[in-house]
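Worksheet: one structure, shown below.
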Amino acid sequence: MAEAPAISERNLESTTHISLKREPACFAFLSARSVSPPMPIDSINLDLASADYFGGRASLWTTLEMRSSVNNDRPTAILGFDESFLRPFARALVEASTTRAAYRMTILGETRDAERCRVVEYVTGPGKPLKEIVLQPFDNVVLVTATTPKDGDETLFQLPRTDSFLRAFAKMAFTADQSLHELLEEMERMHRRHQPNPVATPE
């Protein structure tokens, strides 16, 4: 229970909130396999879903949430990911938007036979693991699509391609990434403190 205070101090939901109401209209749940009809995105934010230890090291799970007036502004997760995803995703979004070229983002596991997923989407189900994401820029929005050999392309959601949104998203991602890695360091220190001291064996 010692980790709880450290986790509660990092309220990502409030510090990462970005309103999209003055941005070009963006929608989520665009895949034919979506669990919901298409919904307009009024705002997005990150939420720290869990902080635990996996494979002997500290690990975090964060969700990208959207809110929509058609859903009474209830938070709805559209992506879930570990601590390694936010930096490259923000970089991919900025690059795709500014170069006007599609950006293909491959998601590699820690090992070839790793059981732990690094990124999942909640658009077509309760948590479908992703191996590749394509960010396709258009005039006003960037389309975020999951690609799999089995199911082909699954359109997940859109994000604005405006200067104002890119600045806000880059700032949010930087702040959140810094906060998450500080929490990881705290968890690692706590973990080391709780490790039993090695017992010296007589020679």
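The way I read the labels, and the way they are meant: chains A, B, ... in the order of the structure tokens, residue 1 as the first residue of every chain, and ligand 1 as the first ligand shown, with later ones counted on from there.
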Ala92 of chain A environment, 12 Å, only C-alpha atoms, sequence neighbours closer than 4 positions dropped, as a PyMOL selection string: chain A and resi 85-88+96-106+133-137+142+144+166+169-170
Can you tell me, as a ChimeraX atom specification, what residues are no more than 12 Å from segment 72-76 of chain A when counting only C-alpha atoms, ignoring any on the same chain fewer than 2 positions away? /A:13-14,17,19,28-29,35-36,39-47,63-70,78-80,121-123,126
For the selection you just gave me, I'd like the residues written to a file as a CSV table (one decimal), in the first residue's frame, keeping N, CA, C and O atoms.
```
chain,number,residue,atom,x,y,z
A,13,GLU,N,-5.5,13.0,-15.1
A,13,GLU,CA,-6.7,13.3,-15.7
A,13,GLU,C,-7.0,14.8,-15.8
A,13,GLU,O,-7.4,15.3,-16.8
A,14,SER,N,-6.6,15.5,-14.7
A,14,SER,CA,-6.8,17.0,-14.7
A,14,SER,C,-5.7,17.7,-15.4
A,14,SER,O,-5.9,18.8,-16.1
A,17,HIS,N,-5.7,17.4,-19.6
A,17,HIS,CA,-6.9,17.7,-20.3
A,17,HIS,C,-6.7,18.7,-21.4
A,17,HIS,O,-6.1,19.7,-21.3
A,19,SER,N,-9.1,20.4,-24.5
A,19,SER,CA,-10.4,20.6,-25.2
A,19,SER,C,-10.2,20.6,-26.7
A,19,SER,O,-9.3,21.3,-27.2
A,28,ALA,N,-14.3,9.4,-32.9
A,28,ALA,CA,-13.8,8.1,-32.5
A,28,ALA,C,-14.8,7.0,-32.8
A,28,ALA,O,-15.9,7.3,-33.1
A,29,PHE,N,-14.3,5.8,-32.7
A,29,PHE,CA,-15.1,4.6,-33.0
A,29,PHE,C,-15.6,4.6,-34.4
A,29,PHE,O,-16.7,4.5,-34.8
A,35,VAL,N,-17.2,-1.0,-30.9
A,35,VAL,CA,-18.2,-1.4,-29.9
A,35,VAL,C,-19.2,-0.3,-29.7
A,35,VAL,O,-20.1,-0.5,-28.9
A,36,SER,N,-19.0,0.8,-30.4
A,36,SER,CA,-19.9,2.0,-30.2
A,36,SER,C,-20.1,2.7,-31.5
A,36,SER,O,-19.2,2.6,-32.4
A,39,MET,N,-18.5,8.7,-32.3
A,39,MET,CA,-18.8,9.8,-31.3
A,39,MET,C,-17.9,10.9,-31.6
A,39,MET,O,-16.7,10.7,-31.8
A,40,PRO,N,-18.4,12.2,-31.5
A,40,PRO,CA,-17.5,13.3,-31.6
A,40,PRO,C,-16.7,13.4,-30.4
A,40,PRO,O,-17.1,13.2,-29.3
A,41,ILE,N,-15.4,13.8,-30.5
A,41,ILE,CA,-14.5,14.0,-29.4
A,41,ILE,C,-14.5,15.4,-29.0
A,41,ILE,O,-14.0,16.3,-29.7
A,42,ASP,N,-14.9,15.7,-27.8
A,42,ASP,CA,-15.0,17.1,-27.2
A,42,ASP,C,-13.7,17.4,-26.5
A,42,ASP,O,-13.3,18.6,-26.4
A,43,SER,N,-13.1,16.4,-25.9
A,43,SER,CA,-11.8,16.6,-25.2
A,43,SER,C,-11.1,15.3,-25.0
A,43,SER,O,-11.7,14.2,-25.1
A,44,ILE,N,-9.8,15.3,-24.7
A,44,ILE,CA,-9.0,14.1,-24.5
A,44,ILE,C,-8.2,14.4,-23.2
A,44,ILE,O,-8.0,15.5,-22.8
A,45,ASN,N,-7.8,13.3,-22.6
A,45,ASN,CA,-6.9,13.4,-21.4
A,45,ASN,C,-6.2,12.0,-21.2
A,45,ASN,O,-6.6,11.0,-21.8
A,46,LEU,N,-5.2,12.0,-20.4
A,46,LEU,CA,-4.5,10.7,-20.0
A,46,LEU,C,-5.0,10.4,-18.6
A,46,LEU,O,-5.3,11.3,-17.8
A,47,ASP,N,-5.0,9.1,-18.3
A,47,ASP,CA,-5.3,8.6,-17.0
A,47,ASP,C,-4.3,7.5,-16.6
A,47,ASP,O,-4.1,6.6,-17.4
A,63,THR,N,-4.0,5.2,-19.9
A,63,THR,CA,-5.0,5.2,-21.0
A,63,THR,C,-5.2,6.6,-21.6
A,63,THR,O,-5.1,7.6,-20.9
A,64,LEU,N,-5.4,6.7,-22.9
A,64,LEU,CA,-5.8,7.9,-23.5
A,64,LEU,C,-7.3,7.9,-23.6
A,64,LEU,O,-7.9,7.0,-24.1
A,65,GLU,N,-8.0,8.8,-22.9
A,65,GLU,CA,-9.4,8.9,-22.8
A,65,GLU,C,-10.0,10.0,-23.6
A,65,GLU,O,-9.3,11.0,-23.8
A,66,MET,N,-11.2,9.9,-24.0
A,66,MET,CA,-12.0,10.9,-24.7
A,66,MET,C,-13.3,11.2,-23.9
A,66,MET,O,-13.7,10.3,-23.2
A,67,ARG,N,-13.8,12.3,-24.1
A,67,ARG,CA,-15.1,12.7,-23.6
A,67,ARG,C,-15.9,13.3,-24.7
A,67,ARG,O,-15.4,14.0,-25.5
A,68,SER,N,-17.2,13.0,-24.6
A,68,SER,CA,-18.1,13.5,-25.7
A,68,SER,C,-19.5,13.8,-25.1
A,68,SER,O,-20.0,13.2,-24.2
A,69,SER,N,-20.0,14.9,-25.6
A,69,SER,CA,-21.3,15.4,-25.1
A,69,SER,C,-22.4,14.3,-25.4
A,69,SER,O,-23.4,14.2,-24.6
A,70,VAL,N,-22.3,13.5,-26.4
A,70,VAL,CA,-23.3,12.5,-26.7
A,70,VAL,C,-23.3,11.4,-25.7
A,70,VAL,O,-24.2,10.6,-25.6
A,78,ILE,N,-9.7,5.0,-25.3
A,78,ILE,CA,-9.6,4.5,-26.6
A,78,ILE,C,-8.2,3.8,-26.9
A,78,ILE,O,-8.1,3.0,-27.8
A,79,LEU,N,-7.2,4.2,-26.1
A,79,LEU,CA,-5.9,3.5,-26.2
A,79,LEU,C,-5.4,3.2,-24.8
A,79,LEU,O,-5.7,4.0,-23.8
A,80,GLY,N,-4.7,2.1,-24.6
A,80,GLY,CA,-4.0,1.8,-23.4
A,80,GLY,C,-2.5,1.5,-23.7
A,80,GLY,O,-2.3,0.8,-24.7
A,121,GLU,N,-5.9,-1.2,-28.0
A,121,GLU,CA,-7.0,-0.3,-28.4
A,121,GLU,C,-8.3,-0.8,-27.8
A,121,GLU,O,-8.5,-2.0,-27.7
A,122,TYR,N,-9.2,0.1,-27.4
A,122,TYR,CA,-10.5,-0.2,-26.8
A,122,TYR,C,-11.6,0.1,-27.7
A,122,TYR,O,-12.8,0.1,-27.3
A,123,VAL,N,-11.3,0.4,-29.0
A,123,VAL,CA,-12.4,0.8,-29.9
A,123,VAL,C,-13.2,-0.4,-30.4
A,123,VAL,O,-14.4,-0.3,-30.5
A,126,PRO,N,-12.5,-5.0,-25.6
A,126,PRO,CA,-12.0,-4.7,-24.2
A,126,PRO,C,-10.5,-4.5,-24.1
A,126,PRO,O,-10.0,-4.2,-23.0
```
In Å and to one decimal, atom CA of Asn140 of chain A is distant from atom CA of Ala32 of chain A by 22.4 Å
Please identify the alpha helix (DSSP H) residues within segment 111-169 of chain A (assignment by DSSP from backbone atoms) and present them as a PyMOL selection string. chain A and resi 163-169
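The residues of segment 114-172 of chain A that DSSP assigns to strand (DSSP E) on this backbone come out as Val119, Val120, Glu121, Lys128, Pro129, Glu132, Ile133, Val134, Leu135, Gln136, Pro137, Val141, Val142, Leu143, Val144, Thr145, Ala146, Thr147, Thr148, Gly152, Asp153, Glu154, Thr155, Leu156, Phe157, Gln158, Leu159 and Pro160 of chain A.
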Residues near Thr175 of chain A, cut-off 12 Å, only C-alpha atoms, skip fewer than 3 positions along chain, as a CSV table (one decimal) with all heavy atoms, in the first residue's frame:
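Result went into part-v8.csv, see below:
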```csv
chain,number,residue,atom,x,y,z
A,10,ARG,N,-0.3,12.2,-8.6
A,10,ARG,CA,-0.1,12.5,-10.1
A,10,ARG,C,-1.5,12.3,-10.7
A,10,ARG,O,-1.8,11.3,-11.3
A,10,ARG,CB,0.9,11.5,-10.6
A,10,ARG,CG,2.3,11.8,-10.2
A,10,ARG,CD,3.3,10.7,-10.5
A,10,ARG,NE,4.7,11.1,-10.2
A,10,ARG,CZ,5.2,11.2,-9.0
A,10,ARG,NH1,4.5,10.9,-8.0
A,10,ARG,NH2,6.4,11.6,-8.8
A,11,ASN,N,-2.3,13.3,-10.7
A,11,ASN,CA,-3.6,13.3,-11.2
A,11,ASN,C,-3.5,13.7,-12.7
A,11,ASN,O,-3.8,14.8,-13.1
A,11,ASN,CB,-4.5,14.3,-10.5
A,11,ASN,CG,-6.0,14.2,-10.9
A,11,ASN,OD1,-6.3,13.4,-11.8
A,11,ASN,ND2,-6.8,15.0,-10.3
A,12,LEU,N,-3.2,12.7,-13.5
A,12,LEU,CA,-3.0,13.0,-15.0
A,12,LEU,C,-4.3,13.4,-15.6
A,12,LEU,O,-4.3,14.2,-16.6
A,12,LEU,CB,-2.5,11.7,-15.7
A,12,LEU,CG,-1.1,11.3,-15.4
A,12,LEU,CD1,-0.8,10.1,-16.2
A,12,LEU,CD2,-0.1,12.4,-15.6
A,15,THR,N,-4.4,17.3,-15.2
A,15,THR,CA,-3.3,18.0,-15.7
A,15,THR,C,-3.0,17.8,-17.2
A,15,THR,O,-2.3,18.5,-17.8
A,15,THR,CB,-2.0,17.6,-15.0
A,15,THR,OG1,-1.8,16.2,-15.1
A,15,THR,CG2,-2.1,18.0,-13.5
A,16,THR,N,-3.7,16.8,-17.8
A,16,THR,CA,-3.4,16.5,-19.3
A,16,THR,C,-4.7,16.8,-20.1
A,16,THR,O,-4.7,16.4,-21.3
A,16,THR,CB,-3.0,15.0,-19.5
A,16,THR,OG1,-4.1,14.2,-19.0
A,16,THR,CG2,-1.7,14.7,-18.7
A,17,HIS,N,-5.7,17.4,-19.6
A,17,HIS,CA,-6.9,17.7,-20.3
A,17,HIS,C,-6.7,18.7,-21.4
A,17,HIS,O,-6.1,19.7,-21.3
A,17,HIS,CB,-8.0,18.2,-19.3
A,17,HIS,CG,-9.3,18.6,-20.0
A,17,HIS,ND1,-9.5,19.8,-20.5
A,17,HIS,CD2,-10.4,17.9,-20.2
A,17,HIS,CE1,-10.7,19.9,-21.0
A,17,HIS,NE2,-11.3,18.7,-20.8
A,46,LEU,N,-5.2,12.0,-20.4
A,46,LEU,CA,-4.5,10.7,-20.0
A,46,LEU,C,-5.0,10.4,-18.6
A,46,LEU,O,-5.3,11.3,-17.8
A,46,LEU,CB,-3.0,10.9,-20.0
A,46,LEU,CG,-2.4,11.2,-21.4
A,46,LEU,CD1,-0.8,11.4,-21.2
A,46,LEU,CD2,-2.7,10.2,-22.4
A,86,LEU,N,4.3,6.8,-25.0
A,86,LEU,CA,3.9,8.2,-25.1
A,86,LEU,C,4.9,9.0,-25.9
A,86,LEU,O,4.5,9.8,-26.8
A,86,LEU,CB,3.6,8.8,-23.8
A,86,LEU,CG,3.0,10.2,-23.7
A,86,LEU,CD1,1.7,10.2,-24.5
A,86,LEU,CD2,2.8,10.7,-22.3
A,87,ARG,N,6.1,8.9,-25.6
A,87,ARG,CA,7.1,9.7,-26.4
A,87,ARG,C,7.1,9.5,-27.9
A,87,ARG,O,7.0,10.4,-28.7
A,87,ARG,CB,8.5,9.4,-25.8
A,87,ARG,CG,8.8,10.0,-24.5
A,87,ARG,CD,10.3,9.7,-24.1
A,87,ARG,NE,10.5,9.9,-22.7
A,87,ARG,CZ,11.7,9.7,-22.1
A,87,ARG,NH1,12.7,9.3,-22.8
A,87,ARG,NH2,11.9,10.0,-20.8
A,90,ALA,N,3.8,10.8,-29.6
A,90,ALA,CA,3.8,12.2,-29.7
A,90,ALA,C,4.7,12.7,-30.9
A,90,ALA,O,4.3,13.5,-31.7
A,90,ALA,CB,4.2,12.9,-28.4
A,168,ALA,N,-0.4,22.0,-27.9
A,168,ALA,CA,-1.0,21.6,-26.6
A,168,ALA,C,-0.7,20.1,-26.4
A,168,ALA,O,-0.4,19.7,-25.2
A,168,ALA,CB,-2.5,21.8,-26.7
A,169,PHE,N,-0.7,19.3,-27.4
A,169,PHE,CA,-0.5,17.8,-27.2
A,169,PHE,C,1.0,17.6,-26.9
A,169,PHE,O,1.3,16.8,-26.0
A,169,PHE,CB,-0.8,17.1,-28.5
A,169,PHE,CG,-0.9,15.6,-28.3
A,169,PHE,CD1,-2.0,14.9,-27.9
A,169,PHE,CD2,0.3,14.8,-28.5
A,169,PHE,CE1,-2.0,13.6,-27.7
A,169,PHE,CE2,0.3,13.4,-28.3
A,169,PHE,CZ,-0.9,12.8,-27.9
A,170,ALA,N,1.9,18.3,-27.6
A,170,ALA,CA,3.3,18.1,-27.3
A,170,ALA,C,3.6,18.5,-25.8
A,170,ALA,O,4.4,17.9,-25.1
A,170,ALA,CB,4.2,19.0,-28.2
A,171,LYS,N,3.0,19.7,-25.4
A,171,LYS,CA,3.3,20.1,-24.0
A,171,LYS,C,2.7,19.1,-23.0
A,171,LYS,O,3.3,18.7,-22.0
A,171,LYS,CB,2.6,21.4,-23.8
A,171,LYS,CG,2.8,22.0,-22.4
A,171,LYS,CD,2.1,23.3,-22.2
A,171,LYS,CE,2.2,23.8,-20.8
A,171,LYS,NZ,1.5,25.2,-20.6
A,172,MET,N,1.5,18.6,-23.3
A,172,MET,CA,0.8,17.6,-22.4
A,172,MET,C,1.7,16.3,-22.4
A,172,MET,O,1.9,15.7,-21.3
A,172,MET,CB,-0.6,17.3,-22.9
A,172,MET,CG,-1.3,16.2,-22.2
A,172,MET,SD,-1.0,14.5,-22.8
A,172,MET,CE,-2.0,14.5,-24.3
A,178,GLN,N,7.3,13.1,-18.2
A,178,GLN,CA,8.1,13.4,-17.1
A,178,GLN,C,7.6,12.9,-15.7
A,178,GLN,O,8.3,12.3,-14.9
A,178,GLN,CB,8.3,15.0,-17.0
A,178,GLN,CG,9.6,15.4,-16.3
A,178,GLN,CD,9.8,16.9,-16.5
A,178,GLN,OE1,8.9,17.7,-16.5
A,178,GLN,NE2,11.0,17.3,-16.7
A,179,SER,N,6.3,13.2,-15.5
A,179,SER,CA,5.6,12.7,-14.3
A,179,SER,C,5.6,11.2,-14.2
A,179,SER,O,5.9,10.7,-13.1
A,179,SER,CB,4.2,13.3,-14.3
A,179,SER,OG,3.5,12.9,-13.1
A,180,LEU,N,5.4,10.5,-15.3
A,180,LEU,CA,5.3,9.1,-15.2
A,180,LEU,C,6.7,8.5,-14.9
A,180,LEU,O,6.8,7.5,-14.2
A,180,LEU,CB,4.8,8.5,-16.6
A,180,LEU,CG,3.3,8.8,-16.9
A,180,LEU,CD1,3.0,8.4,-18.3
A,180,LEU,CD2,2.4,8.1,-15.9
A,181,HIS,N,7.7,9.0,-15.5
A,181,HIS,CA,9.1,8.5,-15.3
A,181,HIS,C,9.6,8.8,-13.9
A,181,HIS,O,10.3,8.1,-13.3
A,181,HIS,CB,10.0,9.0,-16.4
A,181,HIS,CG,10.0,8.2,-17.6
A,181,HIS,ND1,9.0,8.4,-18.6
A,181,HIS,CD2,10.7,7.2,-18.1
A,181,HIS,CE1,9.1,7.6,-19.6
A,181,HIS,NE2,10.1,6.8,-19.3
A,182,GLU,N,9.1,10.0,-13.3
A,182,GLU,CA,9.5,10.2,-11.9
A,182,GLU,C,8.8,9.2,-11.0
A,182,GLU,O,9.4,8.8,-10.0
A,182,GLU,CB,9.0,11.7,-11.6
A,182,GLU,CG,9.9,12.8,-12.1
A,182,GLU,CD,9.3,14.1,-11.9
A,182,GLU,OE1,8.2,14.2,-11.3
A,182,GLU,OE2,9.9,15.1,-12.3
```
Shortest interatomic distance to Glu132 of chain A - which of A:Leu184, A:Ile107, A:Leu30, A:Ala176, counting only C-alpha atoms: A:Ile107
Just to confirm, what's the straight-line distance from atom CA of Ala51 of chain A to atom CA of Met187 of chain A in Å (one decimal)?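 Taking atom CA of Ala51 of chain A and atom CA of Met187 of chain A, their separation equals 8.5 Å.
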With only C-alpha atoms as the basis for distance, which of A:Arg33, A:Phe174, A:Phe165, A:Glu186 is at the shortest distance from Gly152 of chain A? A:Arg33
How many Å lie between atom CA of Ser84 of chain A and atom CA of Gln158 of chain A, rounded to one decimal?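 Straight-line distance from atom CA of Ser84 of chain A to atom CA of Gln158 of chain A works out to 21.8 Å.
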